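As structure tokens, the structure follows; a few thoughts come after it.
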Amino acid sequence: MKKKTSVGSKIILTLTMLFFYLPILYIIIFSFNDSRSLTKFGGFSLRWYEKMFADSTMMEAVLYTVIIAVIATVVATVVGTITAIGLSKSRKVVQKMVERINDLPVMNPDIVTAISLLMFFSVLTVKKGFGTLLIAHIMFCIPYVMLSVTPKLRSLDPNLIDAAMDLGATPFQALTKVIVPQIKPGIVSGALIAFTMSFDDFVISYFTTGNGVNNISILVYTMSKRVNPSINALSTIVILLITLVLGVVNIVPIVREKREKDGKASRAVSRKAMAAVAAVLVLAVVGGTVGASLSQQHKSAAAVEKYGSNVLKLYLPGEYLGENVISDFEKQYGVRVIVENFDSNEMMYTKLMAGDRYDVIIPSDYMIERLMNEDFLQPLDKSMIPNMENMSDAVLGMSYDPDNTYSIPYFWGSVGLVYNHENVDPAVIESEGWEVLRNTDYAGHIYIYDSERDSFMMAFKALGYSMNTEDPNEINDAYEWLLQMNNTMSPVYVTDEVIDGMMNGYKDIAVVYSGDATVILDENEDMSFYMPNQGTNIWCDAMVIPKNAENPKLANEFINYMLTYEAAFDNTETVGYTSPNAEVFEEMTSSEDLYAENAAYLPRSGYEADEMFHDNQVLMRELSKLWIKVKAAK
Amino acid sequence: MKRFRSMTYPYIAWIIAIIVAPMLLIVLYAFTTSGNSVLTFQFTFENFARFVTDKVFMDVLLRSLYIALITTLICVALGYPIAYVIAQRGGRSNTILILLITMPTWVNMLVRTYAWMGILQDEGIFNTILSWFGIGPVSMIHTSFAVILGMVYNFIPFMILQIHTSLAKMDKSLLEAANDLGATPVQAFLRVTLPLSLPGVISGITLVFLPAVSSFFIPKLLGGGQYVLVGNIIETQFLTTGDWNFGSAISLIMAVIIMISMWLTRKADIQVASQGKE
């Protein structure tokens, strides 16, 4: 009988572990991948580790993540346990009320909790940073602890405390000597879940932090933007660190036990000591790395004198900077740059509206229009930006800001089709343009960009309408166009994953932003890029200074610096989007080592059917609803 | 007992300040029109009406509840035996097993999901193995199978932990008593172990079902965007469309529906538990 169950249990445990560790193994293997892909192996390499260790922000993020998770877990476990015990002796009404409220952060989508906290901190005008991040984490960790402890308390005999106290125990003794040992498994699992939640949280952290305090998740999300396999390397390091700590804590005592067969007390002590030693070791290693990188920072008093401060806060899309641009700027001007990233213009707008202060922001055309209309921006100090003369004529005086009073272009590009010319005849693509996305020959082989803005753009263009149209009939036509596409083509809707998918040739045709296409074409030579004749979205991301910038002088200086040949070259070479710097653009498009052969690098300018988006929130709401209907249709 | 009650006061104050007050802001958004500044509110039910009157949104909500329900059921069905087996082992190997179950959740969810994307590809590990037997490729990525797999993978550790907690340190003498009284092991399990572990199962369900309804990244990445779920819509309202009022209204509707279903679950639990005691 006993044997039988143990064989069965071994099988169950083996299968469980296989299931749990298959993806982990996969991550570890792919951290050594030579190719840029996250899903296809192309040879052994350590390049992602090199890249990771060269980037001090990553180690800093690891440190913050661990510190926040440890503090939040300890506080949440203590408070959660005490409260749960208290609640078990409270009136039913109170119990129910607290339970319901506790469900809120567990149940609400992270974004709702995040926005509610963001607005809350903003109403209280609390400055966001380490403190607010910690408060948020403690907030969402406590309910998990209580959810784990409560069932254990319920199965406890209610007379236990009375018995203990009858026997002369103080309430405190009854608590620590009687109750806590009984509910210990609940406390432990509550702590484990709390730690997990804190360690893995992105959305809430993103909106409650500030001042350059990042955690691993925030970093991973920005890096996944452009498919950066360093996220695998980073995860592998995290796995390694955790295994090390847990290994030391759990394995060493077993070994020692076998060797010494010592008394119980000393064993317990040595185990705790081991845990402490391991934790200190990890913190020392990570802290040392961060410390070393911090000491390299070049702050100078001269900068304070000249600009009023030596810190610049920059807020821009993820993976949008050259490798050395920031460190070069810091060295040259003796300042420190705090970089924060956003995923969408609306995400940026949300933080800005909540009162977060930045010195330079890099939003897109339509968002700049909105920020100008809502009086969020301050005029640039052109006398500090002489490098404006380096700009291409094509990017100056865009319709949203004709005199460049508020904005200076940073990158620009288009949206087009990336297709596999081995499987799709270029002649078909060129004759059909956007319509190829409704050509059932390619059903099941297309990626569509999952955003109402871009999807409706291609439908409007395919139908020969303006993409800023407000005509209900035209909108309805576009809706029908998309609906038919959805129902006949079995498309896969993607955002950033499109880069990895097309790099590996999983599909034949995809709607892609030009800069992402540059990267895809670079990695996979079967891929080509085409901008349909029906017209497309020409967009421009530009640098602006918000009204509430703390350091506008340095902001102007920074914008000027980004227009230098060196900075612009580094940016465009690393990121793959088209440079607004005339000389850099010339060089990129003439040298074969760079982007001369890469059709995606060169946007069209002056083509009549091409347009830019205008800010129109009412229209966007309508399109967003229709887009949900399209996707949910089947 | 009063002394113990007072231990809850600090936390009650805390949740009123940090959970309830911020949530009131969301309620405020849900009942006001967009574009108004903080000083001039315009109250409206339009945000709710938009959701209720359009069939597509109700469909999406129902689908989300359905997927979350399936995920929860699978997590219970698989999680219970795993937790049971682990709880059977005593001492240190028990601790190590629980740590092994938890450890993968400390790797970022997005990274783990990307790994599943690679594994489930037509050229991934599963299909490679299948091709050795001349099968396939079976398309797995961008199917509901992939979505459910990803959700179960992400949430099942919490279920296992909760059930394990309720099974661990269970009074073994109860089982011996049942045995002495002539119960078969199956009877003993059904009449003693199962009812005693129910509170753990319920809190496991809470931990899986609630976040699963609103989960966002897993259906998006593994389902290829065709599986529009309510979490997806809410996220889009806040981060892409910028319509906070509508987003807030949807999340309130969802919260109410989930509250009701959880209330029913807990009620069932109390009934079963009281039956067990009799």
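Chain identifiers are assigned as A, B, and so on, following the order in which chains appear in the structure tokens; residues are numbered from 1 within each chain, and ligands are numbered from 1 in order of appearance.
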### Long-range neighbours of segment 69-82 of chain B as a list of chain:residue names, 7 Å cut-off, only C-alpha atoms, 3 positions minimum in chain
A:Ile12, A:Leu13, B:Leu65, B:Tyr66, B:Val85, B:Ile86, B:Ile148, B:Met151, B:Val152, B:Ile156, B:Met159, B:Ile160, B:Ile163, B:Ile205, B:Val208, B:Phe209
Write a file of the selected residues as a JSON list (two decimals), in the first residue's frame, keeping C-alpha atoms.
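Saved result, selection20.json, follows:
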```json
[["chain", "number", "residue", "atom", "x", "y", "z"],
["A", 12, "ILE", "CA", 3.05, 13.12, -10.30],
["A", 13, "LEU", "CA", 5.96, 15.09, -8.89],
["B", 65, "LEU", "CA", -15.58, 34.54, -17.14],
["B", 66, "TYR", "CA", -15.71, 31.29, -19.07],
["B", 85, "VAL", "CA", 1.33, 14.36, -2.76],
["B", 86, "ILE", "CA", 3.58, 17.13, -1.47],
["B", 148, "ILE", "CA", -5.52, 28.05, -21.14],
["B", 151, "MET", "CA", -3.06, 30.73, -17.66],
["B", 152, "VAL", "CA", -2.85, 27.42, -15.82],
["B", 156, "ILE", "CA", -1.55, 26.94, -10.56],
["B", 159, "MET", "CA", -3.69, 26.91, -6.00],
["B", 160, "ILE", "CA", -1.10, 24.32, -4.98],
["B", 163, "ILE", "CA", -4.39, 23.55, -0.85],
["B", 205, "ILE", "CA", -10.07, 29.53, -6.21],
["B", 208, "VAL", "CA", -6.84, 31.94, -9.41],
["B", 209, "PHE", "CA", -10.28, 33.03, -10.54]]
```
### Query
How many Å lie between atom CA of Tyr601 of chain A and atom CA of Val519 of chain A, rounded to one decimal?
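Computing the Euclidean distance for atom CA of Tyr601 of chain A and atom CA of Val519 of chain A yields 9.5 Å.
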### Query
So which residues touch segment 96-111 of chain B within 8 Å, counting only C-alpha atoms, skipping near sequence neighbours fewer than 5 positions away, as number ranges by chain?
A: 17, 20-21, 24, 27, 192, 196, 199-200, 216-217, 220-221, 231-232, 235, 238-239, 242, 250; B: 86, 154, 157, 161, 217
Please, could you write that set of residues out with N, CA and C atoms as an mmCIF file, in the first residue's frame?
```
data_model
loop_
_atom_site.group_PDB
_atom_site.id
_atom_site.type_symbol
_atom_site.label_atom_id
_atom_site.label_comp_id
_atom_site.auth_asym_id
_atom_site.auth_seq_id
_atom_site.Cartn_x
_atom_site.Cartn_y
_atom_site.Cartn_z
ATOM 1 N N MET A 17 7.191 18.854 -12.082
ATOM 2 C CA MET A 17 8.445 19.602 -12.205
ATOM 3 C C MET A 17 8.807 19.833 -13.670
ATOM 4 N N PHE A 20 6.695 22.693 -14.811
ATOM 5 C CA PHE A 20 7.107 23.977 -14.258
ATOM 6 C C PHE A 20 8.446 24.455 -14.819
ATOM 7 N N TYR A 21 9.325 23.517 -15.102
ATOM 8 C CA TYR A 21 10.684 23.942 -15.438
ATOM 9 C C TYR A 21 11.011 23.926 -16.926
ATOM 10 N N ILE A 24 11.459 27.454 -17.966
ATOM 11 C CA ILE A 24 12.638 28.010 -17.297
ATOM 12 C C ILE A 24 13.909 27.544 -18.017
ATOM 13 N N ILE A 27 14.285 29.449 -21.149
ATOM 14 C CA ILE A 27 14.817 30.794 -20.934
ATOM 15 C C ILE A 27 16.325 30.745 -20.770
ATOM 16 N N LEU A 192 5.170 33.593 0.675
ATOM 17 C CA LEU A 192 5.685 33.212 -0.640
ATOM 18 C C LEU A 192 4.908 33.902 -1.756
ATOM 19 N N THR A 196 6.171 36.710 -4.482
ATOM 20 C CA THR A 196 5.981 36.530 -5.923
ATOM 21 C C THR A 196 5.299 37.736 -6.550
ATOM 22 N N PHE A 199 7.568 40.700 -6.659
ATOM 23 C CA PHE A 199 8.691 40.479 -7.575
ATOM 24 C C PHE A 199 8.264 40.641 -9.021
ATOM 25 N N ASP A 200 7.030 40.271 -9.319
ATOM 26 C CA ASP A 200 6.599 40.153 -10.709
ATOM 27 C C ASP A 200 5.769 41.338 -11.188
ATOM 28 N N ILE A 216 12.744 45.138 -11.940
ATOM 29 C CA ILE A 216 13.077 44.252 -13.056
ATOM 30 C C ILE A 216 11.950 44.235 -14.076
ATOM 31 N N SER A 217 10.702 44.144 -13.595
ATOM 32 C CA SER A 217 9.576 44.042 -14.517
ATOM 33 C C SER A 217 9.484 45.247 -15.441
ATOM 34 N N VAL A 220 12.084 44.827 -18.014
ATOM 35 C CA VAL A 220 11.784 43.746 -18.961
ATOM 36 C C VAL A 220 10.742 44.203 -19.980
ATOM 37 N N TYR A 221 9.728 44.913 -19.506
ATOM 38 C CA TYR A 221 8.690 45.353 -20.431
ATOM 39 C C TYR A 221 9.227 46.357 -21.440
ATOM 40 N N ILE A 231 16.682 40.157 -21.702
ATOM 41 C CA ILE A 231 15.689 39.785 -20.687
ATOM 42 C C ILE A 231 15.866 38.327 -20.272
ATOM 43 N N ASN A 232 16.307 37.488 -21.198
ATOM 44 C CA ASN A 232 16.591 36.096 -20.834
ATOM 45 C C ASN A 232 17.817 35.996 -19.948
ATOM 46 N N SER A 235 16.860 37.173 -16.541
ATOM 47 C CA SER A 235 16.070 36.165 -15.833
ATOM 48 C C SER A 235 16.947 35.018 -15.353
ATOM 49 N N VAL A 238 18.674 36.029 -12.292
ATOM 50 C CA VAL A 238 17.745 36.010 -11.158
ATOM 51 C C VAL A 238 17.541 34.575 -10.660
ATOM 52 N N ILE A 239 17.325 33.646 -11.604
ATOM 53 C CA ILE A 239 17.151 32.242 -11.231
ATOM 54 C C ILE A 239 18.379 31.750 -10.468
ATOM 55 N N ILE A 242 18.510 33.200 -6.926
ATOM 56 C CA ILE A 242 17.522 32.580 -6.039
ATOM 57 C C ILE A 242 17.951 31.169 -5.662
ATOM 58 N N ASN A 250 18.857 25.661 2.338
ATOM 59 C CA ASN A 250 18.231 24.350 2.516
ATOM 60 C C ASN A 250 19.185 23.156 2.451
ATOM 61 N N ILE B 86 2.530 16.387 -2.169
ATOM 62 C CA ILE B 86 3.577 17.126 -1.470
ATOM 63 C C ILE B 86 3.333 17.089 0.040
ATOM 64 N N ASN B 154 0.597 29.898 -15.184
ATOM 65 C CA ASN B 154 0.846 31.085 -14.382
ATOM 66 C C ASN B 154 0.168 31.034 -13.015
ATOM 67 N N PRO B 157 0.511 27.592 -9.318
ATOM 68 C CA PRO B 157 1.293 27.571 -8.079
ATOM 69 C C PRO B 157 0.515 28.097 -6.880
ATOM 70 N N LEU B 161 -0.223 26.026 -3.490
ATOM 71 C CA LEU B 161 0.189 26.544 -2.184
ATOM 72 C C LEU B 161 -0.988 26.570 -1.209
ATOM 73 N N PHE B 217 -1.952 39.892 -20.438
ATOM 74 C CA PHE B 217 -0.805 39.597 -21.293
ATOM 75 C C PHE B 217 -0.849 38.186 -21.858
#
```
### Query
To one decimal place, how far is atom CA of Ser455 of chain A from atom CA of Asn439 of chain A in Å?
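Interatomic distance, atom CA of Ser455 of chain A to atom CA of Asn439 of chain A: 16.2 Å.
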### Message
When you look at segment 426-428 of chain A with a cut-off of 12 Å (counting only C-alpha atoms), what residues show up, excluding the ones that are within fewer than 2 positions of it in the same chain? I need them as a ChimeraX atom specification.
### Response
/A:417-424,430-437,439,441-442,508-509,526-532
### Task
Work out how far apart atom CA of Tyr206 of chain A and atom CA of Ala72 of chain A are and give it in Å to one decimal.
16.4 Å
List the neighbours of His614 of chain A out to 8 Å using only C-alpha atoms; skip same-chain residues closer than 3 positions along the sequence, and give me the result as a compact mmCIF listing (two decimals) with C-alpha atoms, in the first residue's frame.
```txt
# COMPACT_ATOMS: atom_id res chain seq x y z
CA ASP A 365 2.95 64.00 -33.68
CA TYR A 366 -0.72 63.79 -32.68
CA GLU A 369 -0.69 68.48 -31.00
CA TYR A 400 1.29 70.01 -35.95
CA ASN A 468 -8.43 61.51 -40.28
```
What parts of segment 222-439 of chain A does DSSP call alpha helix (DSSP H)? I'd like the answer as a PDB file with C-alpha atoms, in the first residue's frame.
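Saved file part-v4.pdb follows:
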```pdb
ATOM      1  CA  THR A 222      10.651  48.195 -21.976  1.00  0.00           C
ATOM      2  CA  MET A 223      13.264  45.803 -23.339  1.00  0.00           C
ATOM      3  CA  SER A 224      10.718  43.446 -24.844  1.00  0.00           C
ATOM      4  CA  SER A 230      18.989  40.452 -22.455  1.00  0.00           C
ATOM      5  CA  ILE A 231      15.689  39.785 -20.687  1.00  0.00           C
ATOM      6  CA  ASN A 232      16.591  36.096 -20.834  1.00  0.00           C
ATOM      7  CA  ALA A 233      20.053  36.763 -19.497  1.00  0.00           C
ATOM      8  CA  LEU A 234      18.594  38.878 -16.705  1.00  0.00           C
ATOM      9  CA  SER A 235      16.070  36.165 -15.833  1.00  0.00           C
ATOM     10  CA  THR A 236      18.797  33.533 -15.798  1.00  0.00           C
ATOM     11  CA  ILE A 237      20.809  35.621 -13.361  1.00  0.00           C
ATOM     12  CA  VAL A 238      17.745  36.010 -11.158  1.00  0.00           C
ATOM     13  CA  ILE A 239      17.151  32.242 -11.231  1.00  0.00           C
ATOM     14  CA  LEU A 240      20.806  31.680 -10.372  1.00  0.00           C
ATOM     15  CA  LEU A 241      20.707  34.100  -7.432  1.00  0.00           C
ATOM     16  CA  ILE A 242      17.522  32.580  -6.039  1.00  0.00           C
ATOM     17  CA  THR A 243      18.832  29.030  -6.406  1.00  0.00           C
ATOM     18  CA  LEU A 244      22.018  30.074  -4.670  1.00  0.00           C
ATOM     19  CA  VAL A 245      20.224  31.574  -1.696  1.00  0.00           C
ATOM     20  CA  LEU A 246      17.709  28.755  -1.366  1.00  0.00           C
ATOM     21  CA  GLY A 247      20.404  26.170  -1.924  1.00  0.00           C
ATOM     22  CA  VAL A 248      22.580  27.543   0.827  1.00  0.00           C
ATOM     23  CA  VAL A 249      19.621  27.812   3.178  1.00  0.00           C
ATOM     24  CA  ASN A 250      18.231  24.350   2.516  1.00  0.00           C
ATOM     25  CA  ILE A 251      21.024  22.063   1.367  1.00  0.00           C
ATOM     26  CA  VAL A 252      23.829  23.039   3.684  1.00  0.00           C
ATOM     27  CA  PRO A 253      21.947  22.170   6.873  1.00  0.00           C
ATOM     28  CA  ILE A 254      21.058  18.762   5.425  1.00  0.00           C
ATOM     29  CA  VAL A 255      24.688  18.020   4.720  1.00  0.00           C
ATOM     30  CA  ARG A 256      25.714  19.245   8.115  1.00  0.00           C
ATOM     31  CA  GLU A 257      22.975  17.266   9.763  1.00  0.00           C
ATOM     32  CA  LYS A 258      24.262  14.099   8.205  1.00  0.00           C
ATOM     33  CA  ARG A 259      27.801  14.890   9.211  1.00  0.00           C
ATOM     34  CA  GLU A 260      27.271  15.961  12.780  1.00  0.00           C
ATOM     35  CA  LYS A 264      18.206  20.572  17.354  1.00  0.00           C
ATOM     36  CA  ALA A 265      18.816  24.041  18.695  1.00  0.00           C
ATOM     37  CA  SER A 266      22.192  24.588  17.109  1.00  0.00           C
ATOM     38  CA  ARG A 267      20.902  23.316  13.781  1.00  0.00           C
ATOM     39  CA  ALA A 268      18.119  25.853  13.747  1.00  0.00           C
ATOM     40  CA  VAL A 269      20.527  28.615  14.586  1.00  0.00           C
ATOM     41  CA  SER A 270      22.965  27.610  11.869  1.00  0.00           C
ATOM     42  CA  ARG A 271      20.186  27.559   9.310  1.00  0.00           C
ATOM     43  CA  LYS A 272      19.093  31.053  10.153  1.00  0.00           C
ATOM     44  CA  ALA A 273      22.685  32.176  10.110  1.00  0.00           C
ATOM     45  CA  MET A 274      23.103  30.629   6.682  1.00  0.00           C
ATOM     46  CA  ALA A 275      20.067  32.468   5.382  1.00  0.00           C
ATOM     47  CA  ALA A 276      21.419  35.719   6.713  1.00  0.00           C
ATOM     48  CA  VAL A 277      24.859  35.105   5.236  1.00  0.00           C
ATOM     49  CA  ALA A 278      23.397  34.237   1.852  1.00  0.00           C
ATOM     50  CA  ALA A 279      21.140  37.278   1.787  1.00  0.00           C
ATOM     51  CA  VAL A 280      23.966  39.594   2.786  1.00  0.00           C
ATOM     52  CA  LEU A 281      26.172  38.048   0.098  1.00  0.00           C
ATOM     53  CA  VAL A 282      23.639  38.632  -2.655  1.00  0.00           C
ATOM     54  CA  LEU A 283      22.935  42.172  -1.546  1.00  0.00           C
ATOM     55  CA  ALA A 284      26.656  42.874  -1.316  1.00  0.00           C
ATOM     56  CA  VAL A 285      27.305  41.650  -4.859  1.00  0.00           C
ATOM     57  CA  VAL A 286      24.428  43.548  -6.396  1.00  0.00           C
ATOM     58  CA  GLY A 287      24.966  46.595  -4.229  1.00  0.00           C
ATOM     59  CA  GLY A 288      28.641  46.621  -5.102  1.00  0.00           C
ATOM     60  CA  THR A 289      27.872  46.646  -8.808  1.00  0.00           C
ATOM     61  CA  VAL A 290      25.401  49.462  -8.414  1.00  0.00           C
ATOM     62  CA  GLY A 291      27.722  51.402  -6.163  1.00  0.00           C
ATOM     63  CA  ALA A 292      30.508  51.116  -8.694  1.00  0.00           C
ATOM     64  CA  SER A 293      28.270  52.411 -11.428  1.00  0.00           C
ATOM     65  CA  LEU A 294      26.972  55.269  -9.303  1.00  0.00           C
ATOM     66  CA  SER A 295      30.457  56.403  -8.421  1.00  0.00           C
ATOM     67  CA  ALA A 301      29.088  71.837  -9.471  1.00  0.00           C
ATOM     68  CA  ALA A 302      29.775  73.715 -12.677  1.00  0.00           C
ATOM     69  CA  ALA A 303      26.619  72.277 -14.184  1.00  0.00           C
ATOM     70  CA  VAL A 304      24.573  73.414 -11.188  1.00  0.00           C
ATOM     71  CA  GLU A 305      25.935  76.917 -11.631  1.00  0.00           C
ATOM     72  CA  LYS A 306      25.224  76.991 -15.335  1.00  0.00           C
ATOM     73  CA  TYR A 307      21.834  75.304 -15.517  1.00  0.00           C
ATOM     74  CA  VAL A 325      24.393  58.791 -26.068  1.00  0.00           C
ATOM     75  CA  ILE A 326      23.393  59.246 -22.461  1.00  0.00           C
ATOM     76  CA  SER A 327      26.743  58.439 -20.894  1.00  0.00           C
ATOM     77  CA  ASP A 328      28.503  60.735 -23.375  1.00  0.00           C
ATOM     78  CA  PHE A 329      26.138  63.574 -22.582  1.00  0.00           C
ATOM     79  CA  GLU A 330      26.604  63.000 -18.853  1.00  0.00           C
ATOM     80  CA  LYS A 331      30.382  63.089 -19.179  1.00  0.00           C
ATOM     81  CA  GLN A 332      30.481  66.111 -21.402  1.00  0.00           C
ATOM     82  CA  TYR A 333      28.159  68.269 -19.338  1.00  0.00           C
ATOM     83  CA  ASN A 345       1.771  58.032 -25.896  1.00  0.00           C
ATOM     84  CA  GLU A 346      -1.331  57.645 -23.760  1.00  0.00           C
ATOM     85  CA  MET A 347       0.697  56.017 -20.990  1.00  0.00           C
ATOM     86  CA  MET A 348       2.999  59.032 -21.082  1.00  0.00           C
ATOM     87  CA  TYR A 349       0.048  61.435 -21.082  1.00  0.00           C
ATOM     88  CA  THR A 350      -1.416  59.695 -18.038  1.00  0.00           C
ATOM     89  CA  LYS A 351       1.729  60.191 -15.992  1.00  0.00           C
ATOM     90  CA  LEU A 352       2.106  63.751 -17.179  1.00  0.00           C
ATOM     91  CA  MET A 353      -1.466  64.535 -16.234  1.00  0.00           C
ATOM     92  CA  ASP A 365       2.945  64.004 -33.681  1.00  0.00           C
ATOM     93  CA  TYR A 366      -0.722  63.786 -32.684  1.00  0.00           C
ATOM     94  CA  MET A 367       0.152  63.724 -28.997  1.00  0.00           C
ATOM     95  CA  ILE A 368       2.312  66.819 -29.393  1.00  0.00           C
ATOM     96  CA  GLU A 369      -0.693  68.480 -30.999  1.00  0.00           C
ATOM     97  CA  ARG A 370      -2.785  67.527 -27.982  1.00  0.00           C
ATOM     98  CA  LEU A 371      -0.181  68.682 -25.482  1.00  0.00           C
ATOM     99  CA  MET A 372       0.091  72.005 -27.339  1.00  0.00           C
ATOM    100  CA  ASN A 373      -3.674  72.443 -27.363  1.00  0.00           C
ATOM    101  CA  PRO A 426       6.446  41.262 -54.914  1.00  0.00           C
ATOM    102  CA  ALA A 427       4.292  42.065 -57.929  1.00  0.00           C
ATOM    103  CA  VAL A 428       1.190  41.029 -55.987  1.00  0.00           C
ATOM    104  CA  ILE A 429       2.142  43.180 -53.022  1.00  0.00           C
ATOM    105  CA  GLU A 430       2.868  46.147 -55.261  1.00  0.00           C
ATOM    106  CA  SER A 431      -0.368  45.889 -57.213  1.00  0.00           C
ATOM    107  CA  GLU A 432      -2.651  45.197 -54.253  1.00  0.00           C
TER     108      GLU A 432
END
```
### Query
Can you list, as a list in words, every protein, DNA or RNA residue that comes within 12 Å of Trp263 of chain B when you count only C-alpha atoms, leaving out same-chain residues fewer than 4 positions away?
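These residues fall inside the cut-off: Lys96, Glu99, Arg100 and Asp103 of chain A; Ile202, Thr206, Ala255, Val256, Ile257, Ile258, Met259, Lys267, Ala268, Asp269 and Ile270 of chain B.
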So that I have them on file, write out the residues from the current selection with C-alpha atoms, as a PDB file, in the first residue's frame.
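Done, and the output landed in selection-v6.pdb:
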```
ATOM      1  CA  LYS A  96     -17.043  40.403   5.580  1.00  0.00           C
ATOM      2  CA  GLU A  99     -12.655  40.465   3.058  1.00  0.00           C
ATOM      3  CA  ARG A 100     -14.580  42.252   0.301  1.00  0.00           C
ATOM      4  CA  ASP A 103     -10.667  41.248  -2.890  1.00  0.00           C
TER       5      ASP A 103
ATOM      6  CA  ILE B 202     -11.789  28.146  -1.726  1.00  0.00           C
ATOM      7  CA  THR B 206     -10.107  33.162  -5.107  1.00  0.00           C
ATOM      8  CA  ALA B 255     -16.033  43.820 -10.068  1.00  0.00           C
ATOM      9  CA  VAL B 256     -19.730  43.530  -9.234  1.00  0.00           C
ATOM     10  CA  ILE B 257     -20.159  40.373 -11.292  1.00  0.00           C
ATOM     11  CA  ILE B 258     -17.106  38.753  -9.741  1.00  0.00           C
ATOM     12  CA  MET B 259     -18.221  39.762  -6.253  1.00  0.00           C
ATOM     13  CA  LYS B 267     -21.705  30.486   0.525  1.00  0.00           C
ATOM     14  CA  ALA B 268     -21.343  26.999  -0.927  1.00  0.00           C
ATOM     15  CA  ASP B 269     -18.181  26.579   1.112  1.00  0.00           C
ATOM     16  CA  ILE B 270     -19.897  27.519   4.339  1.00  0.00           C
TER      17      ILE B 270
END
```
### Query
So which one's closest to chain B, A:Val360, A:Ala632, A:Met384, A:Val78? Using only C-alpha atoms, please.
A:Ala632
### Task
Go through segment 83-323 of chain A and collect every residue that DSSP, computed from the backbone, puts in strand (DSSP E); the answer should be as a PyMOL selection string.
chain A and resi 311-317
Go ahead and write the selection's residues with C-alpha atoms as a PDB file, in the first residue's frame.
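What follows is the written file out-v8.pdb:
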```pdb
ATOM      1  CA  VAL A 311      19.897  66.364 -13.125  1.00  0.00           C
ATOM      2  CA  LEU A 312      17.900  65.916 -16.320  1.00  0.00           C
ATOM      3  CA  LYS A 313      14.754  63.807 -16.415  1.00  0.00           C
ATOM      4  CA  LEU A 314      14.121  62.249 -19.796  1.00  0.00           C
ATOM      5  CA  TYR A 315      10.930  60.402 -20.694  1.00  0.00           C
ATOM      6  CA  LEU A 316      10.808  58.493 -23.988  1.00  0.00           C
ATOM      7  CA  PRO A 317       9.631  55.271 -25.640  1.00  0.00           C
TER       8      PRO A 317
END
```
### Task
With a distance cut-off of 10 Å and only C-alpha atoms, select the neighbouring residues of Leu623 of chain A, excluding the residue or stretch itself and same-chain residues fewer than 6 positions from it, and output the selection as a PyMOL selection string.
(chain A and resi 451-453+455-456+475-476+478-479+617+629) or (chain B and resi 241)
### Task
Give the answer as one residue: which of B:Ala87, B:Val228, B:Ala178, B:Met140 has the shortest atom-to-atom distance to chain A, using only C-alpha atoms?
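Ranked by minimum distance to chain A, first place goes to B:Val228.
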#### Entry: From A:Ser205, A:Asn404, A:Ser364, A:Thr39, residue lying nearest Met117 of chain B [only C-alpha atoms]
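Comparing A:Ser205, A:Asn404, A:Ser364, A:Thr39 against Met117 of chain B, the winner is A:Thr39.
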### Counting only C-alpha atoms, the residue of B:Trp244, B:Phe158, B:Leu181, B:Val20 that sits nearest Gly204 of chain B
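Once distances to Gly204 of chain B are computed over only C-alpha atoms, the minimum belongs to B:Phe158.
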